[in-house]
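File shown here: run30.cif, holding mmCIF, C-alpha atoms.
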data_run
#
loop_
_atom_site.label_atom_id
_atom_site.label_comp_id
_atom_site.auth_asym_id
_atom_site.auth_seq_id
_atom_site.Cartn_x
_atom_site.Cartn_y
_atom_site.Cartn_z
CA MET A 30 -43.23 11.71 0.49
CA THR A 31 -43.02 15.37 1.49
CA THR A 32 -43.81 16.18 5.12
CA PHE A 33 -45.27 19.68 5.13
CA ARG A 34 -45.00 21.71 8.32
CA SER A 35 -46.51 24.90 9.71
CA GLY A 36 -47.71 26.29 13.00
CA PHE A 37 -48.01 29.24 15.33
CA THR A 38 -44.24 29.79 15.57
CA LEU A 39 -43.83 30.12 11.79
CA TRP A 40 -46.88 32.40 11.62
CA GLN A 41 -45.35 34.61 14.31
CA MET A 42 -41.96 34.67 12.53
CA VAL A 43 -43.58 35.68 9.24
CA ARG A 44 -45.48 38.52 10.93
CA THR A 45 -42.26 39.75 12.55
CA ALA A 46 -40.35 39.52 9.25
CA ARG A 47 -42.98 41.68 7.52
CA GLU A 48 -41.83 44.65 9.59
CA LEU A 49 -38.24 44.25 8.35
CA THR A 50 -39.00 45.65 4.89
CA ALA A 51 -40.57 48.83 3.61
CA ASP A 52 -40.90 47.61 0.01
CA GLU A 53 -44.58 47.37 -0.90
CA ARG A 54 -44.19 44.47 -3.33
CA VAL A 55 -42.33 42.40 -0.75
CA ARG A 56 -45.00 43.21 1.84
CA GLU A 57 -47.72 42.19 -0.61
CA ARG A 58 -46.05 38.79 -0.98
CA VAL A 59 -45.78 38.47 2.81
CA ASP A 60 -49.45 39.39 3.17
CA MET A 61 -50.28 36.59 0.73
CA VAL A 62 -48.40 34.16 3.00
CA LEU A 63 -50.31 35.41 6.05
CA HIS A 64 -53.58 35.08 4.12
CA ILE A 65 -52.77 31.44 3.33
CA MET A 66 -51.81 30.76 6.96
CA GLY A 67 -55.02 32.33 8.30
CA GLY A 68 -55.47 33.37 11.91
CA LEU A 69 -54.76 31.61 15.18
CA GLY A 70 -55.55 27.92 15.30
CA GLY A 71 -56.22 25.59 12.40
CA THR A 72 -53.47 24.17 10.19
CA TYR A 73 -51.77 27.52 9.46
CA GLY A 74 -51.91 26.81 5.73
CA LYS A 75 -49.70 23.72 5.87
CA GLY A 76 -49.06 22.46 2.33
CA ARG A 77 -47.47 23.13 -1.04
CA SER A 78 -49.23 26.46 -1.52
CA LEU A 79 -47.59 27.81 1.64
CA VAL A 80 -44.13 26.66 0.53
CA ASP A 81 -44.61 28.31 -2.88
CA ALA A 82 -45.83 31.56 -1.30
CA LEU A 83 -42.81 31.70 1.03
CA GLU A 84 -40.47 31.14 -1.93
CA GLU A 85 -42.26 33.97 -3.78
CA VAL A 86 -41.40 36.31 -0.90
CA ALA A 87 -37.76 35.18 -1.07
CA GLN A 88 -37.62 35.88 -4.80
CA GLU A 89 -39.23 39.31 -4.43
CA ALA A 90 -36.73 40.17 -1.69
CA ILE A 91 -33.88 39.13 -3.99
CA LEU A 92 -35.20 41.42 -6.72
CA HIS A 93 -35.39 44.24 -4.17
CA GLY A 94 -31.78 43.53 -3.14
CA ASP A 95 -32.64 42.44 0.41
CA PHE A 96 -30.69 39.20 0.52
CA ALA A 97 -30.93 38.77 4.31
CA LEU A 98 -34.73 38.80 4.14
CA ALA A 99 -34.61 36.48 1.13
CA GLN A 100 -32.51 33.97 3.05
CA ARG A 101 -34.91 34.21 5.99
CA PHE A 102 -37.91 33.29 3.82
CA GLN A 103 -35.94 30.56 2.03
CA ARG A 104 -35.42 29.00 5.45
CA PHE A 105 -39.10 29.47 6.25
CA ALA A 106 -39.90 27.64 3.01
CA ALA A 107 -37.43 24.88 3.86
CA TYR A 108 -39.19 24.36 7.20
CA ALA A 109 -42.66 24.45 5.63
CA GLY A 110 -41.50 21.93 3.01
CA GLY A 111 -40.18 19.50 5.61
CA ASP A 112 -36.47 20.07 4.95
CA LEU A 113 -35.66 21.89 8.21
CA PHE A 114 -36.66 21.25 11.82
CA LEU A 115 -38.27 24.00 13.86
CA GLU A 116 -35.39 24.04 16.37
CA ILE A 117 -32.98 25.09 13.62
CA LEU A 118 -35.33 27.87 12.53
CA GLU A 119 -35.70 29.09 16.10
CA ASN A 120 -31.93 29.23 16.54
CA TYR A 121 -31.78 31.70 13.65
CA TYR A 122 -34.75 33.96 14.45
CA ASP A 123 -35.92 33.36 18.04
CA ASP A 124 -33.59 34.92 20.61
CA GLU A 125 -35.14 33.10 23.58
CA ALA A 126 -34.94 29.71 21.85
CA ARG A 127 -31.32 30.39 20.89
CA GLN A 128 -30.48 31.30 24.47
CA ARG A 129 -32.07 28.06 25.69
CA SER A 130 -30.02 26.13 23.14
CA GLU A 131 -26.81 27.88 24.15
CA GLU A 132 -27.53 27.15 27.81
CA HIS A 133 -28.02 23.49 26.91
CA MET A 134 -24.68 23.48 25.07
CA ARG A 135 -22.95 25.09 28.05
CA ARG A 136 -24.33 22.41 30.32
CA MET A 137 -23.23 19.68 27.94
CA THR A 138 -19.75 21.23 27.81
CA ALA A 139 -19.59 21.41 31.59
CA MET A 140 -20.75 17.79 31.82
CA GLY A 141 -18.04 16.74 29.36
CA ALA A 142 -15.38 18.56 31.36
CA ASP A 143 -16.65 16.93 34.54
CA ARG A 144 -16.45 13.47 32.92
CA ALA A 145 -12.91 14.27 31.76
CA VAL A 146 -11.88 15.10 35.33
CA ALA A 147 -13.46 11.85 36.51
CA ALA A 148 -11.47 9.91 33.90
CA LEU A 149 -8.26 11.61 35.06
CA ASP A 150 -9.10 10.77 38.69
CA VAL A 151 -9.39 7.09 37.76
CA LEU A 152 -6.10 7.24 35.84
CA CYS A 153 -4.29 8.84 38.79
CA ARG A 154 -5.81 6.35 41.24
CA ASP A 155 -4.79 3.32 39.19
CA ARG A 156 -1.45 4.77 38.08
CA PRO A 157 -0.08 7.30 40.59
CA ASP A 158 3.01 7.77 38.38
CA ALA A 159 0.95 8.68 35.27
CA THR A 160 2.33 11.51 33.15
CA ALA A 161 0.77 14.10 30.88
CA ALA A 162 1.61 11.83 27.95
CA ASP A 163 -0.42 9.04 29.60
CA ALA A 164 -3.37 11.42 29.97
CA ARG A 165 -3.15 12.39 26.30
CA ASP A 166 -3.11 8.70 25.35
CA LEU A 167 -6.18 8.11 27.50
CA PHE A 168 -8.21 10.85 25.87
CA ARG A 169 -6.91 9.98 22.41
CA GLY A 170 -8.20 6.45 22.96
CA ILE A 171 -11.58 7.76 24.13
CA ALA A 172 -11.84 10.00 21.06
CA ARG A 173 -10.99 7.14 18.70
CA SER A 174 -13.44 4.82 20.42
CA ALA A 175 -16.22 7.35 19.85
CA ASP A 176 -15.93 6.71 16.10
CA TYR A 177 -17.26 3.18 16.71
CA LEU A 178 -20.33 4.20 18.70
CA SER A 179 -23.64 4.07 16.81
CA LEU A 180 -27.37 4.22 17.37
CA GLY A 181 -29.10 0.96 16.47
CA ASP A 182 -32.63 0.74 15.15
CA GLY A 183 -33.29 -2.99 15.64
CA GLU A 184 -33.79 -5.18 18.67
CA GLY A 185 -31.52 -4.07 21.47
CA GLY A 186 -30.77 -0.78 19.73
CA ILE A 187 -31.37 2.70 21.11
CA ARG A 188 -34.70 4.20 20.11
CA LEU A 189 -34.78 7.97 20.00
CA SER A 190 -37.75 10.28 20.35
CA ILE A 191 -38.46 12.87 17.67
CA ARG A 192 -37.16 15.60 19.97
CA GLU A 193 -33.85 13.73 20.45
CA VAL A 194 -33.51 13.20 16.69
CA ARG A 195 -34.02 16.92 16.16
CA ARG A 196 -31.42 17.68 18.80
CA LEU A 197 -28.92 15.45 17.00
CA GLN A 198 -29.69 17.26 13.74
CA GLN A 199 -29.15 20.56 15.52
CA TYR A 200 -25.74 19.40 16.75
CA GLY A 201 -24.94 18.24 13.22
CA HIS A 202 -25.74 21.71 11.89
CA MET A 203 -23.44 23.33 14.45
CA GLU A 204 -20.72 20.78 13.77
CA ILE A 205 -20.62 21.76 10.11
CA VAL A 206 -19.68 25.28 11.19
CA LEU A 207 -17.27 24.36 13.98
CA ARG A 208 -15.54 21.17 12.85
CA ASN A 209 -12.48 22.98 11.44
CA LEU A 210 -11.81 25.28 14.37
CA PRO A 211 -8.55 24.42 16.19
CA ARG A 212 -8.92 22.46 19.40
CA PRO A 213 -7.01 23.96 22.38
CA ALA A 214 -4.64 21.44 23.96
CA SER A 215 -4.33 23.17 27.33
CA ALA A 216 -5.98 25.71 29.61
CA GLU A 217 -3.46 28.32 28.47
CA ALA A 218 -4.18 27.59 24.80
CA ALA A 219 -7.91 27.82 25.52
CA ARG A 220 -7.44 31.22 27.16
CA MET A 221 -5.37 32.45 24.20
CA MET A 222 -7.99 31.17 21.75
CA ASN A 223 -10.69 32.99 23.71
CA ASP A 224 -8.69 36.24 23.51
CA VAL A 225 -8.22 35.82 19.77
CA LEU A 226 -11.92 35.17 19.14
CA ALA A 227 -12.86 38.15 21.31
CA ASP A 228 -10.94 40.45 18.98
CA VAL A 229 -11.74 38.74 15.69
CA ASP A 230 -13.34 40.81 12.96
CA ALA A 231 -16.90 39.57 12.49
CA GLY A 232 -16.87 40.32 8.77
CA MET A 233 -13.64 38.39 8.29
CA LEU A 234 -15.01 35.44 10.25
CA ALA A 235 -18.14 35.43 8.10
CA GLN A 236 -15.99 35.42 4.95
CA LEU A 237 -13.95 32.49 6.28
CA LEU A 238 -17.09 30.50 7.08
CA GLU A 239 -18.53 31.28 3.65
CA LEU A 240 -15.30 30.17 2.03
CA ARG A 241 -15.40 26.92 4.02
CA ALA A 242 -19.02 26.33 2.99
CA ARG A 243 -18.13 26.88 -0.67
CA GLN A 244 -15.22 24.45 -0.43
CA ALA A 245 -17.54 21.82 1.06
CA GLY A 246 -20.16 22.46 -1.63
CA LEU A 247 -17.59 22.13 -4.41
CA ALA A 248 -16.25 18.89 -2.91
CA ALA A 249 -19.80 17.48 -2.78
CA LEU A 250 -20.37 18.39 -6.44
CA ARG A 251 -17.09 16.78 -7.46
CA THR A 252 -18.09 13.56 -5.66
CA VAL A 253 -21.43 13.41 -7.47
CA VAL A 254 -19.83 14.15 -10.85
CA GLU A 255 -17.29 11.37 -10.35
CA ASP A 256 -20.08 8.84 -9.71
CA PRO A 257 -21.10 7.48 -13.15
CA ASP A 258 -24.58 6.59 -11.86
CA SER A 259 -25.45 10.07 -10.55
CA PRO A 260 -28.78 11.33 -11.98
CA GLU A 261 -29.51 14.91 -12.96
CA GLY A 262 -31.41 15.39 -9.70
CA ALA A 263 -28.28 14.74 -7.62
CA LEU A 264 -26.32 17.30 -9.63
CA HIS A 265 -29.15 19.80 -9.29
CA ALA A 266 -29.21 19.30 -5.50
CA CYS A 267 -25.47 20.05 -5.26
CA LEU A 268 -25.83 23.24 -7.30
CA LYS A 269 -28.93 24.62 -5.59
CA ASN A 270 -28.24 28.11 -4.17
CA GLN A 271 -24.60 27.87 -5.32
CA GLU A 272 -24.74 30.62 -7.93
CA TRP A 273 -21.15 31.62 -7.13
CA ILE A 274 -19.96 28.50 -8.98
CA PHE A 275 -21.12 30.02 -12.28
CA GLY A 276 -19.12 33.22 -11.84
CA GLY A 277 -19.42 36.66 -10.29
CA ALA A 278 -21.94 38.02 -12.81
CA TYR A 279 -24.88 36.51 -10.92
CA VAL A 280 -26.24 37.92 -7.68
CA ALA A 281 -28.67 35.17 -6.68
CA GLU A 282 -30.59 32.09 -7.71
CA LEU A 283 -34.27 32.86 -8.22
CA ALA A 284 -36.81 30.83 -6.27
CA ARG A 285 -39.29 30.67 -9.16
CA ARG A 286 -38.37 28.10 -11.82
CA GLN A 287 -41.43 28.44 -14.09
CA TYR A 288 -42.26 31.65 -15.97
CA THR A 289 -44.29 30.21 -18.84
CA PRO A 290 -46.56 27.12 -18.90
CA GLU A 291 -44.17 25.16 -21.13
CA THR A 292 -40.84 25.93 -19.41
CA ILE A 293 -39.48 24.67 -16.09
CA LEU A 294 -35.93 25.91 -15.62
CA ASP A 295 -33.24 23.93 -13.81
CA ILE A 296 -31.42 26.91 -12.28
CA PRO A 297 -32.65 30.47 -12.99
CA LEU A 298 -29.99 33.03 -12.08
CA LEU A 299 -30.38 36.78 -11.70
CA ARG A 300 -27.77 39.07 -13.22
CA GLY A 301 -26.79 42.34 -11.60
CA ASP A 302 -28.89 44.27 -14.14
CA GLY A 303 -32.05 42.33 -13.27
CA SER A 304 -32.01 40.10 -16.35
CA LEU A 305 -32.38 36.33 -16.42
CA HIS A 306 -29.74 33.70 -17.10
CA VAL A 307 -30.78 30.07 -17.48
CA VAL A 308 -28.61 27.12 -16.45
CA GLU A 309 -29.65 23.78 -17.93
CA LEU A 310 -28.12 20.68 -16.32
CA LYS A 311 -27.63 17.26 -17.86
CA ARG A 312 -25.82 14.17 -16.65
CA ALA A 313 -22.04 14.05 -16.38
CA ASN A 314 -21.86 10.51 -17.78
CA ILE A 315 -22.34 11.21 -21.52
CA LYS A 316 -20.29 8.83 -23.66
CA ASP A 317 -20.93 10.56 -26.99
CA LEU A 318 -20.56 14.16 -25.81
CA VAL A 319 -18.01 14.70 -28.61
CA ILE A 320 -17.78 12.33 -31.58
CA ARG A 321 -15.38 11.93 -34.49
CA ARG A 322 -16.85 11.97 -38.01
CA SER A 323 -14.69 11.84 -41.14
CA GLY A 324 -11.66 12.91 -39.12
CA HIS A 325 -13.43 15.91 -37.58
CA LEU A 326 -14.65 16.36 -34.01
CA MET A 327 -18.19 17.58 -33.34
CA LEU A 328 -20.82 17.59 -30.60
CA GLY A 329 -22.89 14.43 -30.28
CA ALA A 330 -26.66 14.09 -30.32
CA ALA A 331 -27.10 14.54 -26.56
CA ALA A 332 -25.44 17.97 -26.62
CA HIS A 333 -27.43 19.13 -29.68
CA HIS A 334 -30.66 18.01 -28.01
CA VAL A 335 -30.11 20.04 -24.84
CA VAL A 336 -28.99 23.10 -26.83
CA SER A 337 -32.25 22.94 -28.79
CA GLN A 338 -34.10 22.68 -25.47
CA ALA A 339 -32.34 25.81 -24.19
CA GLN A 340 -33.14 27.63 -27.46
CA ASN A 341 -36.84 26.88 -27.00
CA TYR A 342 -36.68 28.18 -23.42
CA LEU A 343 -35.11 31.45 -24.55
CA ARG A 344 -37.62 31.85 -27.37
CA ALA A 345 -40.50 31.40 -24.90
CA MET A 346 -38.91 33.99 -22.59
CA ASP A 347 -38.60 36.50 -25.45
CA GLU A 348 -42.21 36.03 -26.51
CA ASN A 349 -43.58 36.44 -22.98
CA ARG A 350 -41.26 39.18 -21.80
CA PRO A 351 -43.92 41.88 -21.07
CA SER A 352 -46.09 39.64 -18.86
CA ILE A 353 -43.09 38.14 -17.03
CA LEU A 354 -41.59 41.57 -16.36
CA ALA A 355 -44.92 42.96 -15.11
CA GLU A 356 -45.76 40.01 -12.87
CA HIS A 357 -42.35 38.85 -11.63
CA ARG A 358 -40.04 41.87 -12.26
CA VAL A 359 -37.54 39.69 -14.10
CA ASP A 360 -36.35 40.87 -17.53
CA THR A 361 -36.29 37.89 -19.88
CA ARG A 362 -35.70 39.72 -23.16
CA ARG A 363 -32.55 38.39 -24.75
CA ALA A 364 -31.92 36.15 -21.76
CA SER A 365 -28.84 33.94 -21.98
CA ALA A 366 -28.16 30.33 -21.04
CA THR A 367 -25.41 27.97 -19.94
CA VAL A 368 -25.66 24.25 -20.65
CA VAL A 369 -23.60 22.04 -18.32
CA ILE A 370 -23.24 18.54 -19.70
CA GLY A 371 -20.77 15.67 -19.66
CA HIS A 372 -17.25 15.15 -18.36
CA PRO A 373 -14.18 14.05 -20.34
CA GLN A 374 -13.64 11.02 -18.10
CA TYR A 375 -16.79 9.41 -19.51
CA VAL A 376 -16.32 10.22 -23.20
CA THR A 377 -15.46 7.23 -25.40
CA GLY A 378 -13.77 7.00 -28.80
CA GLY A 379 -10.30 8.07 -27.74
CA VAL A 380 -11.22 11.77 -27.52
CA THR A 381 -8.98 13.64 -25.07
CA SER A 382 -9.97 16.29 -22.56
CA ARG A 383 -8.12 18.92 -24.56
CA GLU A 384 -9.89 17.92 -27.78
CA ILE A 385 -13.25 18.17 -26.02
CA ALA A 386 -12.40 21.66 -24.75
CA GLU A 387 -11.31 22.79 -28.23
CA THR A 388 -14.46 21.35 -29.83
CA LEU A 389 -16.68 23.19 -27.35
CA ARG A 390 -14.69 26.38 -27.80
CA THR A 391 -15.24 26.22 -31.55
CA TYR A 392 -18.93 25.48 -31.09
CA ASN A 393 -19.45 28.30 -28.57
CA ALA A 394 -17.68 30.78 -30.82
CA HIS A 395 -20.64 30.49 -33.23
CA GLN A 396 -23.26 30.93 -30.48
CA THR A 397 -24.46 34.27 -29.10
CA ARG A 398 -26.81 33.41 -26.23
CA ILE A 399 -26.00 29.81 -25.26
CA GLU A 400 -22.71 28.47 -23.94
CA VAL A 401 -22.00 24.75 -23.53
CA ILE A 402 -19.50 23.67 -20.89
CA THR A 403 -18.56 20.40 -19.18
CA TYR A 404 -18.60 19.69 -15.46
CA GLU A 405 -14.81 19.55 -15.65
CA THR A 406 -14.73 23.16 -16.85
CA LEU A 407 -17.25 24.20 -14.20
CA LEU A 408 -15.30 22.51 -11.40
CA ASN A 409 -11.92 23.84 -12.53
CA SER A 410 -13.23 27.39 -12.85
CA ALA A 411 -14.85 27.28 -9.41
CA SER A 412 -11.68 25.78 -7.90
CA ARG A 413 -9.62 28.67 -9.28
CA MET A 414 -12.08 31.16 -7.82
CA LEU A 415 -11.77 29.53 -4.40
CA ALA A 416 -7.98 29.44 -4.67
CA LEU A 417 -7.93 33.19 -5.33
CA SER A 418 -10.31 33.80 -2.41
CA SER A 419 -8.13 31.69 -0.12
CA ALA A 420 -5.03 33.58 -1.23
CA ARG A 421 -6.69 36.89 -0.40
CA GLN A 422 -7.71 35.59 3.03
CA ASP A 423 -4.18 34.38 3.76
CA ALA A 424 -2.51 37.61 2.65
CA ASP A 425 -1.19 39.85 5.40
CA PRO A 426 -3.24 43.09 5.29
CA ASP A 427 -0.39 44.99 6.90
CA GLU A 428 2.20 43.81 4.40
CA GLU A 429 3.39 46.49 2.01
CA PRO A 430 2.74 45.77 -1.67
CA ALA A 431 5.74 44.81 -3.76
CA ALA A 432 7.34 47.67 -5.62
#

Give the structure from the file, written as structure tokens.
Amino acid sequence: MTTFRSGFTLWQMVRTARELTADERVRERVDMVLHIMGGLGGTYGKGRSLVDALEEVAQEAILHGDFALAQRFQRFAAYAGGDLFLEILENYYDDEARQRSEEHMRRMTAMGADRAVAALDVLCRDRPDATAADARDLFRGIARSADYLSLGDGEGGIRLSIREVRRLQQYGHMEIVLRNLPRPASAEAARMMNDVLADVDAGMLAQLLELRARQAGLAALRTVVEDPDSPEGALHACLKNQEWIFGGAYVAELARRQYTPETILDIPLLRGDGSLHVVELKRANIKDLVIRRSGHLMLGAAAHHVVSQAQNYLRAMDENRPSILAEHRVDTRRASATVVIGHPQYVTGGVTSREIAETLRTYNAHQTRIEVITYETLLNSASRMLALSSARQDADPDEEPAA
């Protein structure tokens, strides 16, 4: 059951965000949000209509090319839809709340350091001849023991308040960003690390964090694909807002998934020229993705069915192009589509991965607007993209190019 949220803080953030754009169409969408939320007091428009209106602002901002504003309203929509706690939202867009959070983290860090000193005092008291190696063993044991600590929910367990649960989620969000940073082993190493971070290029750091996020997203998708029981919804969740996986031709995933009454798109992508590209997702576990008939290989019924579905979507987009362009500023004339279906590991009948790839290549050669690929192809292509990005990050910018 969805837990919708809203309140004065969100209302205030939306009003502030309105001043960050001069585009009239974006402002019109923001005004619609404020109209739904009403004035001070009341429920501030809490519900599905508010979530949809916030996503409409995000989509309009994408079309205008303001991706920072789009991300802001996507987060607003995530909070209004119950997927994000208010504390996380405040850390992004409320300076005072972020400062309070940082102060809390500083106090927690100081408390941890104080407890570490206390542990060393006990070690030195009990073992006056203790060495640095003994101290490392002590803290290594403490760190390993922490893996076995848990929060129970039954009799005798620890019961947490909503605020404490939110705080844990907040720490979890920060941990995703910080878990791979090196841990200084000494005061000198900590000082050196501080000097390095003081001089680090912010743009380069942002690229590294984005690369790490993409690697994590790709690993999550691979895990879901390799589970034979994964439904389409799980695959869709892994690919949400991951348009980079489909190649560099797409600038963003559109928030709106329905442009005509009879079509609900899985993943609508926006090309650089403002036109639409449709991604249709099916399960990875398709046993008859490619079948052998009279010695020849061909696509099975499941693949033909989803291709027909994509054809109907594109036909509907063509027929309704004028109204869609006028209302949503998305060009759907001659839109294209990618169908992602199946994985060679699940295909039966002794058909190899290479034979599946060749069969799809032959099939796609006779198509003009629809391409069919497997999750194996999607994963391999995305992995190569990440490998190239990692290589560029690792390259020495001062190194002279080879002659």

- Query: Between A:Ile274, A:Ala106, A:Leu167, A:Val368, which has the minimum distance to A:Gln244 (counting all atoms listed in the file)?
  - Reply: A:Ile274

- How far is it from atom CA of A:Gly303 to atom CA of A:Leu49, in Å with one decimal?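 For atom CA of A:Gly303 relative to atom CA of A:Leu49, the distance reads 22.6 Å.
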
- Expand the PyMOL selection byres ((chain A and resi 75) around 10) into the individual residues it matches in the shown file, reporting them as a ChimeraX atom specification. /A:32-36,65-66,71-74,76-80,109-110

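From atom CA of A:Phe275 back to atom CA of A:Thr367, the distance works out to 9.0 Å.
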
Please return, as a short mmCIF file (atom, residue, chain, number, x, y, z; two decimals) with C-alpha atoms, keeping the file's coordinate frame, all polymer residues that have at least one atom within 6 Å of the point (-38.9, 45.1, -2.1); use only C-alpha atoms and the file's own coordinate frame.
data_model
loop_
_atom_site.label_atom_id
_atom_site.label_comp_id
_atom_site.auth_asym_id
_atom_site.auth_seq_id
_atom_site.Cartn_x
_atom_site.Cartn_y
_atom_site.Cartn_z
CA ASP A 52 -40.90 47.61 0.01
CA ARG A 54 -44.19 44.47 -3.33
CA VAL A 55 -42.33 42.40 -0.75
CA ALA A 90 -36.73 40.17 -1.69
CA HIS A 93 -35.39 44.24 -4.17
#

- Message: Please expand the PyMOL selection byres ((chain A and resi 391) around 12) into the concrete residues it hits in this file, giving the result as a VMD selection string.
- Response: chain A and resid 326 to 328 384 to 390 392 to 396 400 to 402

- Message: I'd like the contact shell of A:Arg363 - 9 Å cut-off, all atoms listed in the file, skipping same-chain residues fewer than 5 positions apart - returned as an MDAnalysis selection string.
- Response: chainID A and resid 304:305 343:344 346:347 398
